[in-house]
$ cat protein06.txt   # compact mmCIF, C-alpha atoms
# COMPACT_ATOMS: atom_id res chain seq x y z
CA SER A 1 97.45 62.82 107.73
CA GLU A 2 94.16 64.07 106.33
CA GLN A 3 92.80 64.69 109.84
CA HIS A 4 95.96 66.65 110.77
CA CYS A 5 95.56 68.88 107.68
CA LYS A 6 91.91 69.54 108.54
CA ASN A 7 92.88 70.49 112.09
CA ARG A 8 95.53 72.92 110.79
CA VAL A 9 92.99 74.61 108.47
CA ILE A 10 90.47 74.97 111.30
CA HIS A 11 93.18 76.33 113.60
CA LYS A 12 94.26 78.92 111.00
CA ARG A 13 90.65 80.00 110.43
CA SER A 14 90.07 80.39 114.17
CA GLU A 15 93.22 82.54 114.43
CA ALA A 16 92.00 84.71 111.55
CA LEU A 17 88.56 85.11 113.16
CA GLU A 18 90.18 85.96 116.50
CA GLY A 19 92.33 88.60 114.77
CA GLU A 20 89.27 90.12 113.11
CA PHE A 21 87.41 90.16 116.43
CA GLU A 22 90.33 91.89 118.18
CA GLU A 23 90.56 94.54 115.45
CA GLU A 24 86.78 95.08 115.62
CA GLN A 25 87.01 95.47 119.39
CA SER A 26 89.92 97.91 119.06
CA TYR A 27 87.90 99.85 116.48
CA GLN A 28 84.93 100.21 118.83
CA ASP A 29 87.07 101.15 121.84
CA ILE A 30 89.17 103.73 119.98
CA LEU A 31 86.13 105.22 118.24
CA CYS A 32 84.38 105.73 121.60
CA ALA A 33 87.52 107.30 123.08
CA ILE A 34 87.94 109.70 120.15
CA GLN A 35 84.27 110.72 120.25
CA LEU A 36 84.65 111.45 123.97
CA LEU A 37 87.79 113.56 123.42
CA ILE A 38 86.10 115.51 120.62
CA HIS A 39 83.13 116.19 122.91
CA LEU A 40 85.47 117.39 125.68
CA GLY A 41 86.93 119.91 123.24
CA THR A 42 83.62 121.50 122.24
CA LYS A 43 82.98 125.07 123.32
CA ASP A 44 79.65 124.15 124.97
CA PHE A 45 81.33 121.58 127.22
CA THR A 46 84.23 123.91 128.05
CA ASP A 47 81.86 126.78 128.90
CA LEU A 48 79.75 124.47 131.08
CA CYS A 49 82.79 123.27 133.02
CA ASN A 50 84.10 126.80 133.46
CA SER A 51 80.81 128.22 134.71
CA SER A 52 79.32 125.45 136.86
CA LYS A 53 82.16 123.08 137.79
CA GLY A 54 85.06 125.50 138.28
CA VAL A 55 87.21 123.49 135.87
CA GLU A 56 89.76 125.55 133.96
CA THR A 57 90.15 125.28 130.18
CA GLY A 58 93.78 124.27 130.60
CA GLN A 59 92.75 121.23 132.65
CA ILE A 60 90.38 120.09 129.89
CA THR A 61 93.11 120.60 127.28
CA ASP A 62 95.54 118.51 129.34
CA LEU A 63 92.94 115.74 129.59
CA ILE A 64 92.34 115.72 125.80
CA PHE A 65 96.08 115.75 125.19
CA PHE A 66 96.58 112.83 127.61
CA GLY A 67 93.82 110.89 125.83
CA LEU A 68 95.41 111.52 122.43
CA GLN A 69 98.74 110.23 123.77
CA GLN A 70 97.03 106.95 124.69
CA ILE A 71 95.39 106.64 121.27
CA LEU A 72 98.40 107.42 119.06
CA PRO A 73 100.26 104.11 119.63
CA LEU A 74 97.07 102.16 118.87
CA MET A 75 96.35 103.75 115.50
CA THR A 76 97.34 101.54 112.58
CA GLN A 77 96.81 101.92 108.85
CA GLY A 78 94.43 98.97 109.14
CA LEU A 79 92.21 100.84 111.60
CA LEU A 80 92.41 103.97 109.46
CA GLN A 81 90.69 102.02 106.69
CA TYR A 82 87.44 102.32 108.68
CA PRO A 83 85.86 105.52 107.25
CA THR A 84 84.11 106.72 110.44
CA LEU A 85 87.12 106.11 112.67
CA CYS A 86 89.42 107.70 110.11
CA GLN A 87 87.33 110.87 109.86
CA MET A 88 86.94 111.15 113.64
CA TYR A 89 90.65 110.59 114.27
CA PHE A 90 91.77 113.26 111.80
CA SER A 91 89.12 115.65 113.09
CA LEU A 92 90.61 115.29 116.58
CA VAL A 93 94.23 115.44 115.42
CA GLY A 94 93.52 118.40 113.12
CA PHE A 95 91.94 120.33 116.00
CA MET A 96 94.79 119.53 118.40
CA VAL A 97 97.62 120.30 115.98
CA GLU A 98 96.08 123.57 114.81
CA THR A 99 95.20 124.72 118.34
CA TYR A 100 98.11 123.35 120.39
CA PRO A 101 101.03 122.70 117.98
CA GLU A 102 103.62 123.34 120.69
CA LYS A 103 102.23 120.48 122.80
CA LEU A 104 102.33 118.01 119.92
CA CYS A 105 105.84 119.07 118.90
CA ALA A 106 106.91 118.29 122.48
CA LEU A 107 105.62 114.69 122.38
CA PRO A 108 108.17 111.93 123.05
CA PHE A 109 109.82 110.94 119.78
CA GLU A 110 107.97 107.63 119.31
CA LEU A 111 104.56 109.27 119.82
CA PHE A 112 105.49 112.21 117.60
CA SER A 113 106.63 109.76 114.93
CA SER A 114 103.27 107.96 115.11
CA LEU A 115 101.44 111.27 114.79
CA LEU A 116 103.55 112.35 111.82
CA ASP A 117 103.15 108.98 110.09
CA SER A 118 99.38 109.29 110.36
CA LEU A 119 99.44 112.84 108.92
CA LEU A 120 101.58 111.68 105.98
CA PHE A 121 99.18 108.78 105.43
CA GLY A 122 96.17 111.07 105.60
CA MET A 123 97.39 113.78 103.21
CA SER A 124 96.97 111.48 100.18
CA HIS A 125 93.70 109.93 101.43
CA SER A 126 90.80 109.76 98.99
CA ASP A 127 88.56 111.61 101.45
CA SER A 128 89.30 115.29 100.88
CA LEU A 129 88.29 116.23 104.45
CA VAL A 130 90.83 113.75 105.85
CA SER A 131 93.53 115.02 103.50
CA LYS A 132 92.86 118.67 104.32
CA SER A 133 92.99 118.00 108.09
CA SER A 134 96.29 116.14 107.59
CA LEU A 135 97.84 118.86 105.44
CA GLN A 136 96.73 121.60 107.84
CA GLY A 137 98.24 119.59 110.70
CA LEU A 138 101.52 119.22 108.83
CA ALA A 139 101.55 122.96 108.12
CA SER A 140 100.92 123.80 111.80
CA LEU A 141 103.84 121.64 112.96
CA ALA A 142 106.18 123.21 110.39
CA LYS A 143 105.08 126.76 111.27
CA GLU A 144 105.60 126.07 114.98
CA HIS A 145 109.14 124.91 114.27
CA LEU A 146 109.81 128.01 112.17
CA LYS A 147 108.77 130.22 115.09
CA THR A 148 110.22 128.36 118.08
CA HIS A 149 112.47 125.52 116.78
CA ALA A 150 110.03 123.20 118.53
CA LEU A 151 111.20 120.12 116.58
CA ALA A 152 114.88 120.54 117.42
CA SER A 153 115.03 117.52 119.73
CA HIS A 154 113.26 115.29 117.18
CA LEU A 155 115.56 116.49 114.40
CA ALA A 156 118.52 115.60 116.59
CA THR A 157 117.16 112.05 116.72
CA LYS A 158 116.19 111.84 113.05
CA GLY A 159 117.66 114.61 110.95
CA ASP A 160 115.70 114.07 107.72
CA ILE A 161 112.17 114.55 109.11
CA ILE A 162 111.53 117.79 107.22
CA GLU A 163 113.04 116.54 103.93
CA ASN A 164 110.97 113.35 104.16
CA CYS A 165 107.77 115.32 104.71
CA SER A 166 108.56 117.63 101.80
CA GLN A 167 109.46 114.79 99.46
CA ARG A 168 106.32 112.80 100.24
CA LEU A 169 104.15 115.90 99.90
CA ILE A 170 105.62 116.65 96.47
CA GLN A 171 105.62 113.10 95.11
CA GLU A 172 102.46 111.69 96.73
CA VAL A 173 100.18 114.73 96.53
CA ILE A 174 101.41 117.69 94.46
CA PHE A 175 102.54 115.64 91.45
CA LYS A 176 99.39 113.46 91.56
CA PRO A 177 95.94 114.06 90.02
CA ILE A 178 94.46 114.12 93.56
CA ILE A 179 95.98 117.58 94.10
CA TRP A 180 92.98 119.46 92.72
CA ASP A 181 90.64 118.92 95.69
CA ARG A 182 93.39 119.81 98.20
CA LEU A 183 95.29 122.48 96.30
CA GLU A 184 95.32 125.30 98.86
CA PRO A 185 96.18 123.21 101.99
CA SER A 186 98.97 121.49 100.00
CA GLY A 187 100.51 124.85 99.16
CA MET A 188 100.13 126.08 102.73
CA ALA A 189 101.91 122.93 103.96
CA LEU A 190 104.73 123.18 101.42
CA LEU A 191 105.41 126.85 102.24
CA PRO A 192 106.64 126.45 105.86
CA LEU A 193 108.35 123.12 105.09
CA ALA A 194 110.42 124.80 102.36
CA ALA A 195 111.08 127.84 104.55
CA ILE A 196 112.63 125.80 107.38
CA ASP A 197 115.79 125.24 105.32
CA VAL A 198 115.63 126.66 101.80
CA GLN A 199 118.99 125.25 100.69
CA LYS A 200 118.09 121.72 101.77
CA PHE A 201 114.77 122.08 99.98
CA ILE A 202 116.51 123.17 96.77
CA GLY A 203 118.78 120.12 97.10
CA LEU A 204 115.72 117.90 97.50
CA VAL A 205 114.21 119.35 94.32
CA SER A 206 117.42 118.48 92.46
CA VAL A 207 117.23 114.88 93.68
CA ILE A 208 113.58 114.57 92.64
CA SER A 209 114.20 116.12 89.21
CA GLN A 210 116.99 113.64 88.50
CA GLN A 211 114.42 110.86 88.70
CA LEU A 212 112.54 112.25 85.70
CA GLY A 213 115.00 110.96 83.11
CA SER A 214 114.26 113.47 80.37
CA ASP A 215 116.59 116.50 80.34
CA ASP A 216 113.73 118.66 79.09
CA LYS A 217 111.47 117.65 82.01
CA GLN A 218 114.30 118.18 84.49
CA GLN A 219 114.91 121.69 83.18
CA ARG A 220 111.23 122.61 83.16
CA MET A 221 110.80 121.35 86.71
CA HIS A 222 113.82 123.32 87.94
CA GLN A 223 112.45 126.46 86.27
CA ALA A 224 109.01 125.92 87.81
CA PHE A 225 110.47 125.54 91.31
CA GLU A 226 112.72 128.58 90.82
CA ARG A 227 109.64 130.69 90.10
CA LEU A 228 107.89 129.27 93.17
CA ILE A 229 110.68 129.13 95.77
CA LYS A 230 112.09 132.62 96.34
CA PRO A 231 114.39 132.78 99.39
CA GLN A 232 113.61 136.45 100.08
CA VAL A 233 109.89 135.59 100.28
CA LEU A 234 110.34 132.42 102.35
CA ALA A 235 112.40 134.37 104.88
CA LYS A 236 109.20 136.23 105.83
CA VAL A 237 106.95 133.15 106.24
CA ALA A 238 107.12 133.22 110.04
CA ALA A 239 106.22 136.92 110.17
CA GLU A 240 103.03 137.87 111.98
CA GLY A 241 100.36 140.34 110.87
CA ARG A 242 100.05 141.89 107.45
CA GLU A 243 103.53 140.95 106.22
CA GLY A 244 103.04 137.24 106.88
CA ARG A 245 99.54 137.37 105.39
CA MET A 246 100.79 139.00 102.19
CA VAL A 247 103.52 136.33 101.83
CA ARG A 248 100.93 133.56 102.13
CA ILE A 249 98.64 135.19 99.57
CA GLN A 250 101.51 135.67 97.12
CA PHE A 251 102.69 132.07 97.59
CA LYS A 252 99.14 130.72 97.17
CA ASN A 253 98.81 132.41 93.79
CA ASN A 254 102.28 131.29 92.71
CA PHE A 255 101.57 127.74 93.88
CA ASP A 256 98.40 127.53 91.80
CA ALA A 257 100.37 128.54 88.70
CA PHE A 258 103.19 126.13 89.65
CA VAL A 259 100.87 123.11 89.91
CA ARG A 260 99.20 123.86 86.57
CA ASP A 261 102.61 124.24 84.94
CA ILE A 262 103.94 120.97 86.43
CA HIS A 263 100.82 119.02 85.47
CA SER A 264 101.04 120.28 81.91
CA PHE A 265 104.10 118.08 81.32
CA LEU A 266 104.43 115.78 84.32
CA ILE A 267 101.94 113.58 86.15
CA VAL A 268 103.43 110.76 88.20
CA LYS A 269 101.18 107.74 87.85

$ encode --input "protein06.txt" --output "structure tokens"
Amino acid sequence: SEQHCKNRVIHKRSEALEGEFEEEQSYQDILCAIQLLIHLGTKDFTDLCNSSKGVETGQITDLIFFGLQQILPLMTQGLLQYPTLCQMYFSLVGFMVETYPEKLCALPFELFSSLLDSLLFGMSHSDSLVSKSSLQGLASLAKEHLKTHALASHLATKGDIIENCSQRLIQEVIFKPIIWDRLEPSGMALLPLAAIDVQKFIGLVSVISQQLGSDDKQQRMHQAFERLIKPQVLAKVAAEGREGRMVRIQFKNNFDAFVRDIHSFLIVK
């Protein structure tokens, strides 16, 4: 009946409004929580706690880490569309991953997967600050695994984590016009990812090149990657001190040339 149809429309609208209200409430709650965690991590707060309250830095770190664990399952791509929340979230995650990568690598698989998904989402974000935080976070996780095999348990659960990260970085960032405002962090993320397993990375490049169609483009892409990915250089990525620093500088320069070469004949739209 006409009245029945009207009731259904009203009911659907009320459900939609309720959904919007719940998302708005989640936004406010999560934003407040993230702001609090960021404040807890500031040097002024840490110094104050150490000097007047007798609270150790490790206790504050554990509290921030516990808070992040509660937030990770709540973060959705819908909530990450809110600019302020998005920037705050990646500021917190970027700080935590860069400072305590071993803790984040040791997260339970589901939480680690949520974290990684958000980093992969953020690396191609239009906001360059969000993308840089995401790429630096990805690089920190990969470097930690290179040094300590910290992701071994996660790789036992899902063996293609590294290949998936590398493929998405190449296809969603490096091959795209957005690369130019995130060039250096993209290269510094690709370097440890490729170094984890050079042969698997070379195999991934072959798979990607086969999608190009043109034999000429496939050959040019292979040649470009051969100039960039040198096993003897990648073997030294995890090195500390001057040796590791020189490898990163050399790769940075080679990566710049690589991207300009690739974009001269291939831009994935």

$ atom_distance --input "protein06.txt" --atom1 "CA of Leu155 (chain A)" --atom2 "CA of Phe175 (chain A)"
26.4 Å

$ residues_near_point --input "protein06.txt" --point "(97.0, 122.2, 116.7)" --cutoff "12 Å" --atoms "only C-alpha atoms" --output "short mmCIF file (atom, residue, chain, number, x, y, z; two decimals) with C-alpha atoms, in the coordinates of the input"
data_model
loop_
_atom_site.label_atom_id
_atom_site.label_comp_id
_atom_site.auth_asym_id
_atom_site.auth_seq_id
_atom_site.Cartn_x
_atom_site.Cartn_y
_atom_site.Cartn_z
CA THR A 61 93.11 120.60 127.28
CA PHE A 65 96.08 115.75 125.19
CA PHE A 90 91.77 113.26 111.80
CA SER A 91 89.12 115.65 113.09
CA LEU A 92 90.61 115.29 116.58
CA VAL A 93 94.23 115.44 115.42
CA GLY A 94 93.52 118.40 113.12
CA PHE A 95 91.94 120.33 116.00
CA MET A 96 94.79 119.53 118.40
CA VAL A 97 97.62 120.30 115.98
CA GLU A 98 96.08 123.57 114.81
CA THR A 99 95.20 124.72 118.34
CA TYR A 100 98.11 123.35 120.39
CA PRO A 101 101.03 122.70 117.98
CA GLU A 102 103.62 123.34 120.69
CA LYS A 103 102.23 120.48 122.80
CA LEU A 104 102.33 118.01 119.92
CA CYS A 105 105.84 119.07 118.90
CA LEU A 115 101.44 111.27 114.79
CA SER A 133 92.99 118.00 108.09
CA SER A 134 96.29 116.14 107.59
CA LEU A 135 97.84 118.86 105.44
CA GLN A 136 96.73 121.60 107.84
CA GLY A 137 98.24 119.59 110.70
CA LEU A 138 101.52 119.22 108.83
CA ALA A 139 101.55 122.96 108.12
CA SER A 140 100.92 123.80 111.80
CA LEU A 141 103.84 121.64 112.96
CA ALA A 142 106.18 123.21 110.39
CA LYS A 143 105.08 126.76 111.27
CA GLU A 144 105.60 126.07 114.98
#

$ atom_distance --input "protein06.txt" --atom1 "CA of Val259 (chain A)" --atom2 "CA of Val205 (chain A)"
14.5 Å

$ closest_residue --input "protein06.txt" --among "A:Leu40, A:Leu107, A:Leu129, A:Leu151" --to "Leu63 (chain A)" --atoms "only C-alpha atoms"
A:Leu40

$ atom_distance --input "protein06.txt" --atom1 "CA of Gly241 (chain A)" --atom2 "CA of Asp256 (chain A)"
23.1 Å
